[in-house]
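Below: the structure, in C-alpha cells.
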Amino acid sequence: METKLTEQESLAVINEMIDRARNNFRKGSGNSMIYWGCWCAFSALLVFILLKTLSNPTQAFWAWWLMALAGVIDFFIQRKKKKEILVRTQIDNIIDSVWRSYLFFCCLFLGIIFAFGIVLNDGYIFWLITPVILSAVGMGEFITAKAYRFKWYLYGAIVMWTGAALCVAITLWTTHSVFFQFLILAACMLLGFVLPGYLLNKKSDSHV
Amino acid sequence: MFKELNPLLHSQLRLAIMSLLISVEEADFVYLKDETGATSGNLSVQIEKLSEAGYISVTKTFKGKMPRTICRIAPKGVTAFDEYVKALQTYIT
C-alpha cells in the first residue's frame with residue numbers, strides 16, 4: 001500500500017532527499033587526493049635527493065616523468081572505477097573539468113617555461129615552476145572545497161598558497177638556491193593533499 | 001487557488017526517488033535503495049511506474065556478471081517535478 005502524504009510531508013521528503021544527495025560523500029572519495037599527493041611528494045623528494053647526489057644534477061629532473069607514469073596508471077584506475085560509481089552529480093562533472101583544465105594548464109605552462117628557458121638560455125626561469133604549480137593547485141583545491149563544502153580542502157588550498165609564497169621567499173633568501181622548493185613541494189603535497197584526502201575518506205566512511 | 005497534485009508524484013517513495021534524481025546526474029539502484037530505505041521489490045515497482053510515465057530513464061547494464069540499473073531523470077520528469085513543487089506551494093503559502 002502506498003503511503004499518502006500531506007503537503008508538509010511532501011516538502012519534508014523533497015528537502016531531505018535533496019540534502020542527502022548534496023552531502024553524499026562516497027566511500028573512498030579522498031583516494032585521488034591521497035594518490036596524487038603521495039606520487040608528487042615522492043617525486044619531489046627523489047628530485048631533491050638526486051640533485052644532491054648526482055654528479056650531473058640536471059639529470060635529476062628526469063625523475064618528474066614519474067608523474068606522467070602516475071597519470072597513465074590513474075587513467076586505468078579511473079576507467080575501472082567509472083563502472084562502479086553508484087551516483088554522479090553535476091558538481092562531480094564540474095570538479096572533474098576543473099582538474100582536467102589544471103592538467104592542461106600544467107602541460108602548457110611547463111612547455112612555455114622550457115621553451116623560454118632553452119631559447120633564452122636562462123636557468124632562473126625554471127624557479128617559477130614550483131610556486132606557480134602550487135598556486136594553481138591551490139586554486140583547484142579552493143574551488144573543490146567550495147563545491148563540496150569540505151573545509152579541509154580549503155585548508156589544503158591555503159597550504160598550497162603558503163607553500164608557493166615560501167618557495168619564492170626562501171629561494172631568494174638563500175642566495176638563489178632552488179633546492180628547498182622541492183622539500184616545500186613535498187610538504188605541501190602531504191599536508192595539503194594527502195591529509196585532506198585521508199580526512200575526507202574518514203568522513204565518507206561515517207556516511208556509509 | 002489550490003492546484004491538483006500529480007498523483008504519480010504524490011507518494012512518499014516515488015517523490016523520494018524523483019527528489020534524489022533531480023539532484024544528481026545519474027544514480028544506481030543500490031544508491032536509491034540506500035538513500036530511500038526502501039525494499040528492492042518496492043523500489044523496482046516504483047521505478048517501473050516512473051519509467052512508464054516517462055519521468056525517468058532506466059538503463060540496465062552489467063558490472064562483470066552483476067546486473068546494474070542506472071536511473072536518470074527525464075526532461076518530462078523535471079517538468080512534472082517542477083509543476084508538483086509549484087502546486088505544493090499553493091497549499092503551503
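Note on naming: chains are A, B, ... as they come in the C-alpha cells, residues start from 1 per chain, ligands start from 1 in the order shown.
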Query raised in the report: Which parts of chain B does DSSP call helix (DSSP H, G or I) when run on the backbone here, written out as an MDAnalysis selection string?
Result: chainID B and resid 12:23 29:36 40:52 75:92
Requested in this report: For chain A, list the residues within 6 Å of chain B, counting only C-alpha atoms, and write the list as a ChimeraX atom specification.
Outcome: /A:3-4,14,17-18,86-90
Query raised in the report: Which residue, B:Lys60, B:Ser44, B:Leu50, B:Asn6, has the smallest gap to B:Ala80 when you use only C-alpha atoms?
Result: B:Asn6
Query - Shell around stretch 190-195 of chain A at 10 Å using only C-alpha atoms, local window under 6 positions removed, as JSON, numbers by chain - result: {"A": [30, 31, 32, 33, 34, 35, 36, 37, 38, 39, 40, 41, 42, 137, 138, 141, 152, 153, 154, 155, 156, 157, 158, 159, 160, 161, 163, 184, 201]}
Those residues you just picked out, can you put them in a file as a CSV table (one decimal), in the first residue's frame with C-alpha atoms?
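For reference, again_36.csv as written:
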chain,number,residue,atom,x,y,z
A,30,GLY,CA,39.6,11.1,-0.9
A,31,ASN,CA,41.6,8.4,-2.7
A,32,SER,CA,42.5,10.6,-5.7
A,33,MET,CA,44.0,13.3,-3.4
A,34,ILE,CA,46.0,10.7,-1.5
A,35,TYR,CA,47.2,9.1,-4.7
A,36,TRP,CA,48.4,12.3,-6.4
A,37,GLY,CA,49.7,13.8,-3.1
A,38,CYS,CA,51.9,10.7,-2.5
A,39,TRP,CA,53.2,10.5,-6.0
A,40,CYS,CA,54.1,14.2,-6.1
A,41,ALA,CA,55.7,14.2,-2.7
A,42,PHE,CA,57.7,11.1,-3.6
A,137,VAL,CA,46.8,23.5,-7.3
A,138,GLY,CA,45.6,25.8,-4.5
A,141,GLU,CA,41.5,22.8,-4.3
A,152,TRP,CA,39.8,20.6,4.9
A,153,TYR,CA,40.2,21.2,1.1
A,154,LEU,CA,40.1,24.9,1.9
A,155,TYR,CA,42.9,24.4,4.4
A,156,GLY,CA,44.7,22.4,1.8
A,157,ALA,CA,44.4,25.4,-0.6
A,158,ILE,CA,45.8,27.7,2.0
A,159,VAL,CA,48.7,25.3,2.5
A,160,MET,CA,49.4,25.3,-1.3
A,161,TRP,CA,49.4,29.1,-1.5
A,163,GLY,CA,54.0,26.9,0.0
A,184,ILE,CA,58.4,22.6,0.3
A,201,ASN,CA,37.8,9.2,3.5
Requested in this report: Could you give me, as an MDAnalysis selection string, each residue of chain B that DSSP assigns to strand (DSSP E or B) when run on this structure's backbone?
Outcome: chainID B and resid 26:28 56:63 66:73
Just the selected residues (all heavy atoms), exported as a compact mmCIF listing (two decimals), in the first residue's frame, please.
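Writing done, so here's selection01.txt:
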# COMPACT_ATOMS: atom_id res chain seq x y z
N GLU B 26 22.98 10.98 -12.49
CA GLU B 26 22.50 9.61 -12.60
C GLU B 26 22.75 8.90 -11.28
O GLU B 26 23.63 9.31 -10.51
CB GLU B 26 23.21 8.86 -13.73
CG GLU B 26 24.71 8.73 -13.54
CD GLU B 26 25.39 8.01 -14.68
OE1 GLU B 26 25.00 8.21 -15.84
OE2 GLU B 26 26.33 7.25 -14.40
N ALA B 27 21.98 7.87 -11.02
CA ALA B 27 22.12 7.14 -9.76
C ALA B 27 21.84 5.66 -9.99
O ALA B 27 20.96 5.29 -10.76
CB ALA B 27 21.17 7.69 -8.71
N ASP B 28 22.60 4.86 -9.29
CA ASP B 28 22.45 3.41 -9.36
C ASP B 28 21.28 2.98 -8.47
O ASP B 28 20.94 3.67 -7.50
CB ASP B 28 23.76 2.78 -8.85
CG ASP B 28 23.80 1.29 -9.03
OD1 ASP B 28 23.33 0.57 -8.13
OD2 ASP B 28 24.29 0.85 -10.07
N ILE B 56 11.44 9.15 -15.73
CA ILE B 56 12.85 8.78 -15.58
C ILE B 56 13.24 7.81 -16.69
O ILE B 56 12.37 7.16 -17.27
CB ILE B 56 13.16 8.14 -14.19
CG1 ILE B 56 12.47 6.78 -14.05
CG2 ILE B 56 12.77 9.07 -13.06
CD1 ILE B 56 12.85 6.05 -12.77
N SER B 57 14.53 7.77 -16.97
CA SER B 57 15.02 6.76 -17.92
C SER B 57 15.82 5.73 -17.12
O SER B 57 16.49 6.08 -16.15
CB SER B 57 15.90 7.41 -18.99
OG SER B 57 17.07 7.90 -18.39
N VAL B 58 15.70 4.50 -17.54
CA VAL B 58 16.36 3.41 -16.82
C VAL B 58 17.27 2.67 -17.79
O VAL B 58 16.82 2.26 -18.87
CB VAL B 58 15.32 2.43 -16.23
CG1 VAL B 58 16.02 1.29 -15.51
CG2 VAL B 58 14.38 3.16 -15.27
N THR B 59 18.53 2.54 -17.40
CA THR B 59 19.49 1.82 -18.24
C THR B 59 19.98 0.61 -17.46
O THR B 59 20.43 0.74 -16.32
CB THR B 59 20.70 2.71 -18.58
OG1 THR B 59 20.23 3.94 -19.11
CG2 THR B 59 21.61 2.04 -19.59
N LYS B 60 19.85 -0.55 -18.09
CA LYS B 60 20.34 -1.78 -17.43
C LYS B 60 21.64 -2.23 -18.08
O LYS B 60 21.70 -2.42 -19.29
CB LYS B 60 19.27 -2.88 -17.51
CG LYS B 60 18.02 -2.55 -16.68
CD LYS B 60 17.03 -3.69 -16.68
CE LYS B 60 15.71 -3.27 -16.09
NZ LYS B 60 15.73 -3.18 -14.64
N THR B 61 22.69 -2.35 -17.24
CA THR B 61 23.99 -2.82 -17.75
C THR B 61 24.49 -3.91 -16.84
O THR B 61 23.77 -4.36 -15.94
CB THR B 61 25.03 -1.67 -17.77
OG1 THR B 61 25.26 -1.26 -16.42
CG2 THR B 61 24.56 -0.50 -18.59
N PHE B 62 25.73 -4.30 -17.07
CA PHE B 62 26.34 -5.31 -16.21
C PHE B 62 27.67 -4.82 -15.70
O PHE B 62 28.42 -4.15 -16.40
CB PHE B 62 26.56 -6.63 -16.99
CG PHE B 62 25.31 -7.43 -17.14
CD1 PHE B 62 24.49 -7.24 -18.24
CD2 PHE B 62 24.92 -8.33 -16.17
CE1 PHE B 62 23.31 -7.96 -18.38
CE2 PHE B 62 23.75 -9.05 -16.29
CZ PHE B 62 22.95 -8.87 -17.40
N LYS B 63 27.95 -5.13 -14.44
CA LYS B 63 29.29 -4.89 -13.89
C LYS B 63 29.86 -6.28 -13.65
O LYS B 63 29.55 -6.93 -12.66
CB LYS B 63 29.17 -4.11 -12.58
CG LYS B 63 30.52 -3.80 -11.93
CD LYS B 63 30.32 -3.08 -10.62
CE LYS B 63 30.81 -3.94 -9.47
NZ LYS B 63 30.59 -3.32 -8.16
N MET B 66 27.30 -9.02 -12.49
CA MET B 66 26.24 -8.43 -11.68
C MET B 66 25.47 -7.42 -12.50
O MET B 66 26.05 -6.55 -13.14
CB MET B 66 26.86 -7.73 -10.47
CG MET B 66 27.55 -8.66 -9.48
SD MET B 66 26.36 -9.69 -8.62
CE MET B 66 25.54 -8.48 -7.60
N PRO B 67 24.14 -7.51 -12.49
CA PRO B 67 23.36 -6.50 -13.22
C PRO B 67 23.39 -5.15 -12.51
O PRO B 67 23.47 -5.10 -11.29
CB PRO B 67 21.94 -7.08 -13.21
CG PRO B 67 21.91 -8.01 -12.04
CD PRO B 67 23.29 -8.51 -11.83
N ARG B 68 23.35 -4.11 -13.28
CA ARG B 68 23.31 -2.75 -12.73
C ARG B 68 22.15 -2.01 -13.36
O ARG B 68 21.93 -2.12 -14.58
CB ARG B 68 24.59 -1.99 -13.05
CG ARG B 68 25.74 -2.25 -12.12
CD ARG B 68 26.82 -1.23 -12.34
NE ARG B 68 26.45 0.06 -11.76
CZ ARG B 68 27.05 1.20 -12.04
NH1 ARG B 68 28.01 1.24 -12.92
NH2 ARG B 68 26.69 2.32 -11.45
N THR B 69 21.44 -1.25 -12.55
CA THR B 69 20.34 -0.43 -13.06
C THR B 69 20.67 1.02 -12.75
O THR B 69 20.86 1.38 -11.59
CB THR B 69 19.01 -0.81 -12.37
OG1 THR B 69 18.75 -2.19 -12.61
CG2 THR B 69 17.87 0.03 -12.91
N ILE B 70 20.74 1.82 -13.79
CA ILE B 70 21.09 3.24 -13.62
C ILE B 70 19.89 4.08 -14.03
O ILE B 70 19.33 3.89 -15.11
CB ILE B 70 22.32 3.60 -14.48
CG1 ILE B 70 23.52 2.77 -14.01
CG2 ILE B 70 22.64 5.08 -14.37
CD1 ILE B 70 24.69 2.81 -14.94
N CYS B 71 19.53 4.99 -13.14
CA CYS B 71 18.36 5.84 -13.38
C CYS B 71 18.77 7.29 -13.58
O CYS B 71 19.69 7.77 -12.90
CB CYS B 71 17.39 5.76 -12.18
SG CYS B 71 16.84 4.11 -11.82
N ARG B 72 18.06 7.95 -14.47
CA ARG B 72 18.27 9.38 -14.70
C ARG B 72 16.90 10.02 -14.82
O ARG B 72 15.97 9.41 -15.37
CB ARG B 72 19.02 9.64 -16.00
CG ARG B 72 20.44 9.17 -16.05
CD ARG B 72 21.07 9.52 -17.41
NE ARG B 72 22.40 8.92 -17.51
CZ ARG B 72 22.65 7.68 -17.90
NH1 ARG B 72 21.67 6.89 -18.25
NH2 ARG B 72 23.89 7.22 -17.93
N ILE B 73 16.80 11.24 -14.37
CA ILE B 73 15.53 11.93 -14.54
C ILE B 73 15.42 12.41 -15.99
O ILE B 73 16.41 12.83 -16.59
CB ILE B 73 15.39 13.12 -13.54
CG1 ILE B 73 13.93 13.54 -13.44
CG2 ILE B 73 16.29 14.29 -13.91
CD1 ILE B 73 13.62 14.40 -12.23
Report task. Please provide the set of residues having any atom within 12 Å of A:Gly71, restricted to only C-alpha atoms, with same-chain residues fewer than 2 positions apart removed, written as a ChimeraX atom specification. Result -> /A:32,35-36,39-40,64-69,73-78,100,103
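Going from atom CA of A:Ser204 over to atom CA of A:Lys27, you cover 5.2 Å.
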